[in-house]
file work_12.cif (mmCIF, C-alpha atoms)
data_entry
#
loop_
_atom_site.label_atom_id
_atom_site.label_comp_id
_atom_site.auth_asym_id
_atom_site.auth_seq_id
_atom_site.Cartn_x
_atom_site.Cartn_y
_atom_site.Cartn_z
CA SER A 1 45.53 -4.53 -17.07
CA THR A 2 47.65 -2.85 -19.75
CA GLN A 3 46.01 -4.97 -22.44
CA SER A 4 42.63 -3.32 -21.80
CA THR A 5 44.07 0.21 -21.67
CA GLY A 6 44.58 2.32 -24.78
CA ASP A 7 45.78 5.83 -25.56
CA GLN A 8 42.38 7.23 -24.58
CA GLY A 9 42.11 5.33 -21.29
CA PRO A 10 40.38 2.08 -20.26
CA LEU A 11 38.79 0.54 -23.34
CA ASP A 12 35.76 -0.81 -21.46
CA LEU A 13 34.76 2.74 -20.49
CA LEU A 14 34.87 4.05 -24.06
CA GLU A 15 31.78 3.88 -26.23
CA PRO A 16 32.11 1.78 -29.38
CA GLY A 17 32.89 3.65 -32.59
CA GLU A 18 35.16 6.30 -31.12
CA HIS A 19 38.39 4.59 -32.13
CA GLU A 20 37.85 1.20 -33.61
CA HIS A 21 39.85 -0.29 -36.48
CA GLY A 22 41.90 2.89 -36.92
CA VAL A 23 38.94 5.23 -37.44
CA GLU A 24 39.63 8.63 -35.92
CA ILE A 25 37.15 11.00 -34.31
CA ALA A 26 35.93 13.69 -36.69
CA LEU A 27 36.02 17.25 -35.32
CA PRO A 28 34.45 20.36 -36.91
CA GLY A 29 36.95 22.15 -39.19
CA VAL A 30 39.50 19.34 -39.02
CA SER A 31 40.08 17.28 -42.16
CA LYS A 32 42.12 14.44 -40.64
CA GLY A 33 40.48 14.13 -37.27
CA ASP A 34 41.81 14.18 -33.73
CA PHE A 35 41.97 11.84 -30.74
CA SER A 36 41.39 14.54 -28.13
CA LYS A 37 37.60 14.16 -27.93
CA ARG A 38 36.61 11.44 -25.45
CA ARG A 39 33.32 10.16 -24.06
CA VAL A 40 33.31 7.74 -21.15
CA ALA A 41 30.52 5.64 -19.68
CA PRO A 42 29.29 6.80 -16.23
CA GLN A 43 30.58 4.96 -13.19
CA ILE A 44 28.12 3.97 -10.42
CA SER A 45 29.29 4.40 -6.83
CA VAL A 46 27.87 2.45 -3.90
CA HIS A 47 27.84 4.32 -0.59
CA SER A 48 26.22 1.71 1.65
CA VAL A 49 24.97 -1.89 1.55
CA GLN A 50 22.60 -3.33 4.16
CA PHE A 51 21.25 -6.87 4.49
CA CYS A 52 17.95 -8.02 5.96
CA PRO A 53 18.37 -10.14 9.14
CA THR A 54 16.33 -12.91 7.51
CA GLY A 55 18.65 -13.03 4.52
CA GLN A 56 15.67 -12.60 2.16
CA SER A 57 16.59 -9.14 0.87
CA TRP A 58 19.30 -6.50 0.75
CA CYS A 59 19.59 -2.91 -0.41
CA ALA A 60 22.30 -0.61 -1.74
CA ALA A 61 22.49 3.18 -1.65
CA THR A 62 24.09 4.20 -4.95
CA THR A 63 24.52 7.25 -7.12
CA GLU A 64 21.61 5.88 -9.19
CA GLY A 65 19.30 5.79 -6.15
CA LEU A 66 18.20 3.21 -3.57
CA LEU A 67 18.23 -0.31 -5.03
CA ILE A 68 16.34 -3.09 -3.21
CA PHE A 69 16.74 -6.77 -4.08
CA SER A 70 14.49 -9.41 -2.53
CA LEU A 71 13.59 -13.06 -2.89
CA ASP A 72 10.00 -12.12 -1.95
CA ASN A 73 8.08 -11.29 -5.13
CA THR A 74 5.30 -9.61 -3.13
CA LEU A 75 7.63 -7.02 -1.59
CA THR A 76 7.03 -3.53 -2.95
CA PHE A 77 8.67 -0.29 -1.88
CA ASP A 78 7.36 2.67 -3.86
CA PRO A 79 7.49 5.77 -1.64
CA VAL A 80 5.99 9.12 -2.65
CA ASP A 81 7.73 12.43 -1.91
CA LEU A 82 10.17 10.71 0.43
CA ASP A 83 12.48 12.78 2.63
CA THR A 84 14.43 12.33 5.85
CA ASP A 85 11.38 13.07 8.04
CA ILE A 86 9.18 10.43 6.40
CA THR A 87 9.95 7.27 8.36
CA PRO A 88 7.94 4.64 10.29
CA ARG A 89 9.39 6.09 13.50
CA THR A 90 7.98 9.57 12.85
CA MET A 91 4.68 7.98 11.83
CA ARG A 92 4.37 6.12 15.13
CA ALA A 93 5.44 9.25 17.03
CA ALA A 94 2.58 11.11 15.37
CA LEU A 95 0.20 8.31 16.38
CA THR A 96 1.41 8.51 19.96
CA SER A 97 0.69 12.25 20.03
CA GLU A 98 -2.71 11.56 18.38
CA SER A 99 -1.76 13.52 15.26
CA PHE A 100 -3.74 11.12 13.12
CA LEU A 101 -3.72 13.20 9.94
CA ARG A 102 0.06 13.58 9.94
CA ALA A 103 0.51 9.88 10.70
CA LEU A 104 -1.79 8.89 7.81
CA VAL A 105 -0.02 11.22 5.36
CA ILE A 106 3.38 9.78 6.35
CA ALA A 107 2.08 6.22 5.89
CA LEU A 108 0.63 7.08 2.48
CA ARG A 109 3.89 8.71 1.40
CA LEU A 110 5.78 5.60 2.47
CA ASN A 111 3.22 3.71 0.36
CA THR A 112 3.32 0.58 2.51
CA SER A 113 0.08 -1.29 3.13
CA GLU A 114 1.02 -2.50 6.62
CA LEU A 115 1.77 1.06 7.81
CA VAL A 116 -1.41 2.50 6.31
CA VAL A 117 -3.51 -0.19 7.99
CA GLU A 118 -1.67 0.37 11.29
CA VAL A 119 -2.62 4.06 11.22
CA MET A 120 -6.21 3.59 10.05
CA GLU A 121 -7.04 1.03 12.71
CA GLN A 122 -5.81 3.36 15.47
CA VAL A 123 -7.94 6.30 14.39
CA PRO A 124 -11.09 6.52 16.58
CA GLU A 125 -14.38 6.29 14.69
CA GLU A 126 -15.39 9.79 15.73
CA GLN A 127 -12.15 11.20 14.26
CA ILE A 128 -12.42 9.55 10.83
CA HIS A 129 -14.49 12.36 9.29
CA TYR A 130 -12.08 15.07 10.47
CA VAL A 131 -9.05 13.19 9.14
CA ILE A 132 -10.67 12.62 5.74
CA ASP A 133 -11.87 16.21 5.55
CA ALA A 134 -8.31 17.55 5.96
CA LEU A 135 -6.65 14.90 3.76
CA PRO A 136 -5.42 16.25 0.36
CA LEU A 137 -7.20 14.83 -2.66
CA HIS A 138 -4.14 13.12 -4.16
CA HIS A 139 -3.75 11.20 -0.90
CA VAL A 140 -7.45 10.34 -0.92
CA THR A 141 -7.08 8.50 -4.23
CA SER A 142 -4.11 6.59 -2.79
CA LEU A 143 -6.14 5.70 0.31
CA LEU A 144 -8.92 4.29 -1.86
CA LYS A 145 -6.48 1.76 -3.33
CA PHE A 146 -5.65 0.49 0.16
CA LEU A 147 -9.35 0.33 1.02
CA VAL A 148 -9.93 -2.10 -1.85
CA ASP A 149 -7.61 -4.66 -0.24
CA GLN A 150 -8.98 -4.17 3.25
CA LEU A 151 -12.61 -4.43 2.18
CA SER A 152 -11.75 -7.72 0.49
CA THR A 153 -9.66 -9.34 3.24
CA SER A 154 -10.19 -7.62 6.59
CA ARG A 155 -12.65 -8.75 9.25
CA HIS A 156 -13.28 -5.11 10.25
CA ILE A 157 -15.73 -4.55 7.41
CA HIS A 158 -17.92 -1.99 9.17
CA PHE A 159 -14.87 0.03 10.24
CA TYR A 160 -13.51 0.33 6.70
CA ILE A 161 -16.97 1.07 5.31
CA LEU A 162 -17.00 4.07 7.66
CA TRP A 163 -13.77 5.25 6.00
CA LEU A 164 -15.22 4.70 2.55
CA SER A 165 -18.47 6.47 3.41
CA SER A 166 -16.59 9.46 4.79
CA ILE A 167 -14.40 9.67 1.67
CA LEU A 168 -17.36 9.56 -0.71
CA THR A 169 -19.34 12.07 1.36
CA THR A 170 -16.49 14.56 1.69
CA HIS A 171 -14.62 14.19 -1.61
CA GLY A 172 -17.36 12.72 -3.81
CA PRO A 173 -17.70 15.68 -6.24
CA ALA A 174 -13.93 15.94 -6.73
CA LEU A 175 -13.58 12.20 -7.25
CA LYS A 176 -16.41 12.28 -9.80
CA LYS A 177 -14.46 14.75 -11.92
CA SER A 178 -11.45 12.41 -12.02
CA SER A 179 -13.48 9.19 -12.16
CA SER A 180 -11.87 8.12 -15.44
CA GLN A 181 -8.45 8.10 -13.77
CA ILE A 182 -9.55 6.01 -10.78
CA MET A 183 -12.08 3.80 -12.55
CA SER A 184 -10.12 0.60 -11.81
CA THR A 185 -10.04 1.49 -8.10
CA LEU A 186 -13.77 2.22 -8.03
CA ASN A 187 -14.51 -1.06 -9.80
CA GLY A 188 -12.37 -2.85 -7.23
CA ILE A 189 -14.37 -1.29 -4.40
CA ILE A 190 -17.67 -2.30 -6.02
CA SER A 191 -16.42 -5.87 -6.50
CA ALA A 192 -15.20 -6.09 -2.90
CA LEU A 193 -18.50 -4.78 -1.49
CA THR A 194 -20.50 -7.12 -3.73
CA ALA A 195 -18.48 -10.13 -2.58
CA GLN A 196 -18.87 -9.15 1.07
CA THR A 197 -22.61 -8.65 0.61
CA ARG A 198 -23.00 -12.14 -0.78
CA THR A 199 -20.93 -13.67 2.02
CA LEU A 200 -22.79 -11.82 4.76
CA SER A 201 -26.19 -12.52 3.19
CA SER A 202 -25.64 -16.27 3.13
CA LEU A 203 -24.24 -16.13 6.67
CA CYS A 204 -27.22 -14.15 7.96
CA ASP A 205 -29.67 -16.46 6.22
CA SER A 206 -28.10 -19.54 7.79
CA ASN A 207 -28.00 -17.83 11.18
CA GLN A 208 -31.66 -16.93 10.83
CA TYR A 209 -32.57 -20.60 10.34
CA PHE A 210 -30.46 -21.60 13.33
CA LEU A 211 -32.18 -18.95 15.45
CA ASP A 212 -35.59 -20.20 14.32
CA VAL A 213 -34.64 -23.72 15.41
CA ILE A 214 -33.37 -22.49 18.79
CA LEU A 215 -36.54 -20.45 19.39
CA THR A 216 -38.71 -23.39 18.43
CA LEU A 217 -36.82 -25.71 20.78
CA GLY A 218 -37.16 -23.14 23.53
CA LYS A 219 -40.92 -22.98 23.06
CA VAL A 220 -41.17 -26.79 23.06
CA GLN A 221 -39.18 -27.10 26.28
CA THR A 222 -41.26 -24.35 27.90
CA SER A 223 -44.51 -26.08 26.98
CA GLN A 224 -43.17 -29.42 28.27
CA LYS A 225 -42.27 -27.84 31.62
CA LEU A 226 -45.73 -26.29 31.88
CA SER A 227 -47.31 -29.66 31.13
CA GLU A 228 -45.20 -31.38 33.79
CA GLU A 229 -46.08 -28.72 36.40
CA THR A 230 -49.78 -29.12 35.52
CA MET A 231 -49.57 -32.90 35.98
CA ASP A 232 -47.88 -32.44 39.37
CA VAL A 233 -50.70 -30.19 40.55
CA PHE A 234 -53.34 -32.82 39.73
#
call {"tool": "encode", "arguments": {"input": "work_12.cif", "output": "structure tokens"}}
result
Amino acid sequence: STQSTGDQGPLDLLEPGEHEHGVEIALPGVSKGDFSKRRVAPQISVHSVQFCPTGQSWCAATTEGLLIFSLDNTLTFDPVDLDTDITPRTMRAALTSESFLRALVIALRLNTSELVVEVMEQVPEEQIHYVIDALPLHHVTSLLKFLVDQLSTSRHIHFYILWLSSILTTHGPALKKSSSQIMSTLNGIISALTAQTRTLSSLCDSNQYFLDVILTLGKVQTSQKLSEETMDVF
């Protein structure tokens, strides 16, 4: 409206102090000042808005970057070195062609746990060492963070221990040099392995007692059958 527009343009776009209460803008070499110097606040443009089919989140492509709003507090989207070729579609295409290293790098650059797990669980056990050997070190440290969660929650404990063993065997010396930077991740791995050891130990102990009972019952039944056969003979 005309009420919010002054001689220098829209008042809401002007920074405070430029022309308030009759104070003019001071210019070098000018004793009285001049109104020609103007500074305006930047305007943000929105190029596209997309909504999630579930209605739980939406995103906007703006001049300030990609903005994502969600009702889910656990949703995180923090990609690394993102470009037009780094997408879930190209990741799955790499998996289909058995380019496991490329698929894992794309998943790590997308920095999404579900995609990283999807790639790792499709890599054959005999290929794990070759993938880890060719994986850059900065991606190795990112992979360790995902391993912490999987070692704590996944049922495929042995499979992820194979990944961890390969990482420590191949990149152990390099990781030792930067241990101070990844100390929290290493502590998380130790805690996860300790918790799994306790769980499996108690489970194995209880199973051992059950097996002892079953074996004992089997021996008792066998001896009873032998006794019955002996009685029939006489």
call {"tool": "residues_around", "arguments": {"input": "work_12.cif", "residues": "Val123 of chain A", "least_positions_apart": "3", "cutoff": "9 Å", "atoms": "only C-alpha atoms", "output": "list in words"}}
result
Leu95, Glu98, Phe100, Val119, Met120, Glu126, Gln127, Ile128 and Val131 of chain A
call {"tool": "resolve_selection", "arguments": {"input": "work_12.cif", "expression": "the PyMOL selection byres ((chain A and resi 160-162) around 12)", "output": "MDAnalysis selection string"}}
result
chainID A and resid 117 120:121 123:129 132 143:144 146:159 163:169 189:190 192:193 196
call {"tool": "atom_distance", "arguments": {"input": "work_12.cif", "atom1": "atom CA of Ser180 of chain A", "atom2": "atom CA of Asp133 of chain A"}}
result
22.5 Å
call {"tool": "resolve_selection", "arguments": {"input": "work_12.cif", "expression": "the PyMOL selection byres ((chain A and resi 61) around 12)", "output": "number ranges by chain"}}
result
A: 44-51, 58-60, 62-69
call {"tool": "axis_aligned_box", "arguments": {"input": "work_12.cif", "around": "segment 187-203 of chain A", "padding_each_side": "3 Å", "output": "AutoDock Vina command-line options"}}
result
--center_x -19.3 --center_y -8.7 --center_z -1.6 --size_x 19.8 --size_y 21.2 --size_z 22.5
call {"tool": "closest_residue", "arguments": {"input": "work_12.cif", "among": "A:Thr141, A:Ser57, A:Gln43, A:Thr194", "to": "Lys176 of chain A", "atoms": "only C-alpha atoms"}}
result
A:Thr141
call {"tool": "atom_distance", "arguments": {"input": "work_12.cif", "atom1": "atom CA of Asp205 of chain A", "atom2": "atom CA of Ser191 of chain A"}}
result
21.2 Å
call {"tool": "residues_around", "arguments": {"input": "work_12.cif", "residues": "Gln56 of chain A", "least_positions_apart": "6", "cutoff": "10 Å", "atoms": "only C-alpha atoms", "output": "count of residues only"}}
result
4
call {"tool": "atom_distance", "arguments": {"input": "work_12.cif", "atom1": "atom CA of Val116 of chain A", "atom2": "atom CA of Leu104 of chain A"}}
result
6.6 Å
call {"tool": "resolve_selection", "arguments": {"input": "work_12.cif", "expression": "the PyMOL selection byres ((chain A and resi 85) around 12)", "output": "list in words"}}
result
Asp81, Leu82, Asp83, Thr84, Ile86, Thr87, Pro88, Arg89, Thr90, Met91, Ala93, Ala94, Arg102, Ala103, Val105, Ile106, Ala107, Arg109 and Leu110 of chain A
